[in-house]
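J.: Below is one structure. I have some questions about it.
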Amino acid sequence: MSTPNKAVSRAGFTLIELMVTTTLFSVIMLSSMALMERDADLSQSTLSLAALEDRSGQMLHSIEREMADALISTPTAILATGLTPGTTNEAVVSSTLGFPEQGILMLSRGTAEFEVAQYNSLGPGLDRFSNLVRAQACTASASHDINMEIVWAGLAEPIDEQTAPPASAFDGIAFEEGVGVFFRGAGTGISFRVPIDPAGGTNFLSGEDIQWGATIAGNQTLTGWSAIEFVPTSTFNEADTGDDINNDGDFLDSFDIGQLRRRSWDTANPGGTIEDLGLGPSAILQETCNWGSDLDGDGFEDPIFLWNPETRTLHTRLFLIGRSVKDLPIVRRVESVLFLRNENAL
């Protein structure tokens, strides 16, 4: 009677072994499948991020090629008539030459009346900003006196006084070549002209002088002008995902996500054809209501463009937001420093 009992016992043990082995195999298979799925997600994410950086790198290279021979301008204007708080439709100024056909203005910067306004067109006589939208970027509508300077928000350039300047003289401190550099403006664009041949050829000289302008709808014109500027397309809130995007220790910040766009227009024909071209991915990050601010938590501001006319260098910084494993936001930085060849670039 003992032998059959042993046989039954042995058969039962074998069945248990089989069940355990099957369970372990299932666990291993499920784990392997999860690992493969995670690796696939990681691979897709890495490719996506790599593609994002690659496209941005190509865009920077394209900008560098165009800007290497460019003449950069620093658009500023002087108020010819004062502005009152409210819904003033236009601002009459000394000149709008060099300002894009539409854009963002900084009014009374460095004062208690600081205001950001958006304009949507230029007056026909290049003497006014029209279709104003007041109190933008979390600022309030204020009074602005005659002869007050108006600055295009795209501008960012070092100020003359770099040793303990008053707070009203600068808008940020950027890290350049190992030192902090005080600058004014928000640095979200550049305004420029390039060598052109009005005859449509490649003779860019008139005597010994370079002919400056832009190509619009295939025509090279001396009255043409171009600008590259940040244009927001969507927003991202840290609170939605609990991610500290700019490493400032909280999850309270909101960001504009957008694209660089190159616009060319004819200054002799305000309101005419505007050539508008998107450059690179719509993944560039700027803090809402604080464009040009610190985006990596190092204590220095990060304007997209910082132009130094003394050294003729253009520093471009792009902070790109993408998605990583499990759809988490991740930020990458791509940048370049370009030396402009033309000595008379201003």
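Every chain in the structure tokens has a letter given in the order shown (A, B, ...), and although residue numbers restart at 1 in each chain, ligands are simply numbered from 1 in the order shown.
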Which polymer residues have any atom within 8 Å of an atom of A:Leu318, counting only C-alpha atoms, with same-chain residues fewer than 4 positions away left out, as an mmCIF file with N, CA and C atoms, in the first residue's frame?
T.:
data_model
loop_
_atom_site.group_PDB
_atom_site.id
_atom_site.type_symbol
_atom_site.label_atom_id
_atom_site.label_comp_id
_atom_site.auth_asym_id
_atom_site.auth_seq_id
_atom_site.Cartn_x
_atom_site.Cartn_y
_atom_site.Cartn_z
ATOM 1 N N ILE A 284 9.364 75.797 -28.462
ATOM 2 C CA ILE A 284 10.241 76.715 -27.737
ATOM 3 C C ILE A 284 9.520 77.251 -26.512
ATOM 4 N N LEU A 285 10.226 77.309 -25.407
ATOM 5 C CA LEU A 285 9.646 77.624 -24.107
ATOM 6 C C LEU A 285 9.991 79.045 -23.681
ATOM 7 N N ILE A 304 16.117 84.590 -25.802
ATOM 8 C CA ILE A 304 16.348 83.740 -26.972
ATOM 9 C C ILE A 304 17.493 84.301 -27.806
ATOM 10 N N ARG A 333 18.147 72.094 -24.011
ATOM 11 C CA ARG A 333 18.697 73.403 -24.384
ATOM 12 C C ARG A 333 19.585 73.249 -25.614
ATOM 13 N N VAL A 334 19.341 74.093 -26.616
ATOM 14 C CA VAL A 334 20.153 74.138 -27.829
ATOM 15 C C VAL A 334 20.559 75.591 -28.031
ATOM 16 N N GLU A 335 21.829 75.840 -28.309
ATOM 17 C CA GLU A 335 22.265 77.230 -28.442
ATOM 18 C C GLU A 335 23.419 77.355 -29.418
#
J.: Which of stretch 3-237 of chain A counts as alpha helix (DSSP H) under DSSP, as an NGL selection string please?
T.: :A and (3-67)
J.: Using the selection just defined, write its residues with C-alpha atoms as a PDB file, in the first residue's frame.
T.:
ATOM      1  CA  THR A   3       4.106   2.159  -3.105  1.00  0.00           C
ATOM      2  CA  PRO A   4       0.885   3.534  -4.591  1.00  0.00           C
ATOM      3  CA  ASN A   5       0.892   6.266  -1.956  1.00  0.00           C
ATOM      4  CA  LYS A   6       4.394   7.228  -3.010  1.00  0.00           C
ATOM      5  CA  ALA A   7       3.315   7.258  -6.625  1.00  0.00           C
ATOM      6  CA  VAL A   8       0.383   9.506  -5.844  1.00  0.00           C
ATOM      7  CA  SER A   9       2.650  11.735  -3.782  1.00  0.00           C
ATOM      8  CA  ARG A  10       5.197  11.924  -6.595  1.00  0.00           C
ATOM      9  CA  ALA A  11       2.539  12.724  -9.188  1.00  0.00           C
ATOM     10  CA  GLY A  12       1.144  15.494  -6.998  1.00  0.00           C
ATOM     11  CA  PHE A  13       4.576  17.035  -6.551  1.00  0.00           C
ATOM     12  CA  THR A  14       5.130  16.967 -10.283  1.00  0.00           C
ATOM     13  CA  LEU A  15       1.838  18.767 -10.857  1.00  0.00           C
ATOM     14  CA  ILE A  16       2.745  21.401  -8.285  1.00  0.00           C
ATOM     15  CA  GLU A  17       6.135  21.841  -9.915  1.00  0.00           C
ATOM     16  CA  LEU A  18       4.412  22.257 -13.256  1.00  0.00           C
ATOM     17  CA  MET A  19       2.028  24.856 -11.847  1.00  0.00           C
ATOM     18  CA  VAL A  20       4.862  26.769 -10.173  1.00  0.00           C
ATOM     19  CA  THR A  21       6.990  26.597 -13.312  1.00  0.00           C
ATOM     20  CA  THR A  22       4.055  27.786 -15.455  1.00  0.00           C
ATOM     21  CA  THR A  23       3.375  30.663 -13.059  1.00  0.00           C
ATOM     22  CA  LEU A  24       7.036  31.705 -13.000  1.00  0.00           C
ATOM     23  CA  PHE A  25       7.157  31.494 -16.795  1.00  0.00           C
ATOM     24  CA  SER A  26       4.066  33.706 -17.044  1.00  0.00           C
ATOM     25  CA  VAL A  27       5.561  36.231 -14.630  1.00  0.00           C
ATOM     26  CA  ILE A  28       8.814  36.260 -16.584  1.00  0.00           C
ATOM     27  CA  MET A  29       6.963  36.649 -19.887  1.00  0.00           C
ATOM     28  CA  LEU A  30       4.811  39.480 -18.547  1.00  0.00           C
ATOM     29  CA  SER A  31       7.877  41.177 -17.082  1.00  0.00           C
ATOM     30  CA  SER A  32       9.732  40.771 -20.364  1.00  0.00           C
ATOM     31  CA  MET A  33       6.783  42.177 -22.299  1.00  0.00           C
ATOM     32  CA  ALA A  34       6.564  45.131 -19.897  1.00  0.00           C
ATOM     33  CA  LEU A  35      10.310  45.680 -20.263  1.00  0.00           C
ATOM     34  CA  MET A  36      10.040  45.504 -24.052  1.00  0.00           C
ATOM     35  CA  GLU A  37       7.115  47.940 -23.987  1.00  0.00           C
ATOM     36  CA  ARG A  38       9.061  50.311 -21.735  1.00  0.00           C
ATOM     37  CA  ASP A  39      12.125  50.047 -23.972  1.00  0.00           C
ATOM     38  CA  ALA A  40       9.930  50.699 -26.995  1.00  0.00           C
ATOM     39  CA  ASP A  41       8.468  53.766 -25.284  1.00  0.00           C
ATOM     40  CA  LEU A  42      11.956  54.891 -24.341  1.00  0.00           C
ATOM     41  CA  SER A  43      13.189  54.331 -27.881  1.00  0.00           C
ATOM     42  CA  GLN A  44      10.272  56.290 -29.335  1.00  0.00           C
ATOM     43  CA  SER A  45      10.770  59.066 -26.789  1.00  0.00           C
ATOM     44  CA  THR A  46      14.512  59.211 -27.406  1.00  0.00           C
ATOM     45  CA  LEU A  47      13.943  59.371 -31.136  1.00  0.00           C
ATOM     46  CA  SER A  48      11.351  62.078 -30.625  1.00  0.00           C
ATOM     47  CA  LEU A  49      13.675  64.133 -28.445  1.00  0.00           C
ATOM     48  CA  ALA A  50      16.572  63.493 -30.813  1.00  0.00           C
ATOM     49  CA  ALA A  51      14.420  64.623 -33.738  1.00  0.00           C
ATOM     50  CA  LEU A  52      13.400  67.727 -31.781  1.00  0.00           C
ATOM     51  CA  GLU A  53      17.008  68.636 -31.093  1.00  0.00           C
ATOM     52  CA  ASP A  54      18.031  67.778 -34.651  1.00  0.00           C
ATOM     53  CA  ARG A  55      15.333  69.982 -36.212  1.00  0.00           C
ATOM     54  CA  SER A  56      16.239  72.806 -33.847  1.00  0.00           C
ATOM     55  CA  GLY A  57      19.908  72.403 -34.702  1.00  0.00           C
ATOM     56  CA  GLN A  58      19.075  72.578 -38.397  1.00  0.00           C
ATOM     57  CA  MET A  59      17.013  75.706 -37.759  1.00  0.00           C
ATOM     58  CA  LEU A  60      19.915  77.359 -35.905  1.00  0.00           C
ATOM     59  CA  HIS A  61      22.250  76.460 -38.753  1.00  0.00           C
ATOM     60  CA  SER A  62      19.824  78.027 -41.240  1.00  0.00           C
ATOM     61  CA  ILE A  63      19.572  81.189 -39.117  1.00  0.00           C
ATOM     62  CA  GLU A  64      23.352  81.354 -38.843  1.00  0.00           C
ATOM     63  CA  ARG A  65      23.759  81.167 -42.621  1.00  0.00           C
ATOM     64  CA  GLU A  66      21.264  83.979 -43.161  1.00  0.00           C
ATOM     65  CA  MET A  67      22.531  86.153 -40.329  1.00  0.00           C
TER      66      MET A  67
END
J.: Hey, which of A:Ala227, A:Leu328, A:Leu132, A:Leu314 ends up closest to A:Gly278? Count only C-alpha atoms.
T.: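 Closest candidate: A:Ala227.
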J.: Do a neighbour search on stretch 85-99 of chain A at 8 Å with only C-alpha atoms, toss out local chain neighbours closer than 2 positions, and write the hits as a ChimeraX atom specification.
T.: /A:73-81,83,101-103,122,126-134,141-143,152,191-192,225,267
J.: What is the atom CA of A:Thr221-atom CA of A:Arg261 distance in Å, reported with one decimal?
T.: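 A separation of 20.3 Å between them.
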J.: List the spatial neighbours of A:Phe305 as a list in words - criterion: any atom at most 8 Å away, only C-alpha atoms, same-chain residues fewer than 6 positions off excluded.
T.: Gly154, Leu155, Ala156, Gly187, Thr188, Gly189, Ile190, Leu314, His315, Thr316 and Arg317 of chain A
J.: Please produce an output containing N, CA and C atoms for each residue in the selection, written as an mmCIF file, in the first residue's frame.
T.:
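Result file follows (out-v6.cif):
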data_model
loop_
_atom_site.group_PDB
_atom_site.id
_atom_site.type_symbol
_atom_site.label_atom_id
_atom_site.label_comp_id
_atom_site.auth_asym_id
_atom_site.auth_seq_id
_atom_site.Cartn_x
_atom_site.Cartn_y
_atom_site.Cartn_z
ATOM 1 N N GLY A 154 11.510 92.303 -28.846
ATOM 2 C CA GLY A 154 12.474 91.387 -29.441
ATOM 3 C C GLY A 154 13.912 91.758 -29.131
ATOM 4 N N LEU A 155 14.145 93.030 -28.910
ATOM 5 C CA LEU A 155 15.499 93.514 -28.660
ATOM 6 C C LEU A 155 16.069 92.979 -27.353
ATOM 7 N N ALA A 156 17.319 92.566 -27.373
ATOM 8 C CA ALA A 156 18.088 92.322 -26.151
ATOM 9 C C ALA A 156 19.538 92.639 -26.476
ATOM 10 N N GLY A 187 14.471 90.009 -25.581
ATOM 11 C CA GLY A 187 15.284 89.089 -26.368
ATOM 12 C C GLY A 187 14.517 87.990 -27.065
ATOM 13 N N THR A 188 13.325 88.266 -27.542
ATOM 14 C CA THR A 188 12.546 87.241 -28.231
ATOM 15 C C THR A 188 12.563 87.402 -29.745
ATOM 16 N N GLY A 189 13.429 88.274 -30.269
ATOM 17 C CA GLY A 189 13.486 88.436 -31.716
ATOM 18 C C GLY A 189 14.713 89.209 -32.155
ATOM 19 N N ILE A 190 14.935 89.238 -33.442
ATOM 20 C CA ILE A 190 15.997 90.050 -34.044
ATOM 21 C C ILE A 190 15.431 90.698 -35.308
ATOM 22 N N LEU A 314 26.044 87.244 -31.876
ATOM 23 C CA LEU A 314 24.633 86.973 -31.627
ATOM 24 C C LEU A 314 24.539 85.630 -30.919
ATOM 25 N N HIS A 315 24.109 85.664 -29.656
ATOM 26 C CA HIS A 315 23.956 84.441 -28.873
ATOM 27 C C HIS A 315 22.487 84.025 -28.921
ATOM 28 N N THR A 316 22.248 82.822 -29.415
ATOM 29 C CA THR A 316 20.893 82.287 -29.511
ATOM 30 C C THR A 316 20.737 81.131 -28.541
ATOM 31 N N ARG A 317 19.701 81.197 -27.685
ATOM 32 C CA ARG A 317 19.405 80.139 -26.713
ATOM 33 C C ARG A 317 17.983 79.642 -26.960
#
J.: A:Pro124, A:Gly110, A:Gly213, A:Pro303: which is nearest A:Pro165, counting only C-alpha atoms?
T.: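 So, comparing all the options, the nearest one is A:Gly110.
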J.: Per residue of stretch 81-151 of chain A within 12 Å of stretch 169-177 of chain A, what are the shortest atom pair and its distance in Å to one decimal, counting only C-alpha atoms, with rows by chain and residue number, as a Markdown table?
T.:
| residue | atom | partner | partner_atom | distance |
| --- | --- | --- | --- | --- |
| A:Met106 | CA | A:Asp171 | CA | 10.8 |
| A:Ser108 | CA | A:Ala169 | CA | 11.3 |
| A:Arg109 | CA | A:Asp171 | CA | 8.3 |
| A:Gly110 | CA | A:Ala169 | CA | 6.3 |
| A:Thr111 | CA | A:Ala169 | CA | 9.6 |
| A:Phe114 | CA | A:Asp171 | CA | 11.5 |
| A:Val151 | CA | A:Asp171 | CA | 11.6 |
J.: Neighbouring residues of A:Arg312 were defined as those with any atom within 12 Å, considering only C-alpha atoms; residues of the same chain fewer than 5 positions away were excluded. Please report them as a PyMOL selection string.
T.: chain A and resi 67-73+157-158+306-307+337-346
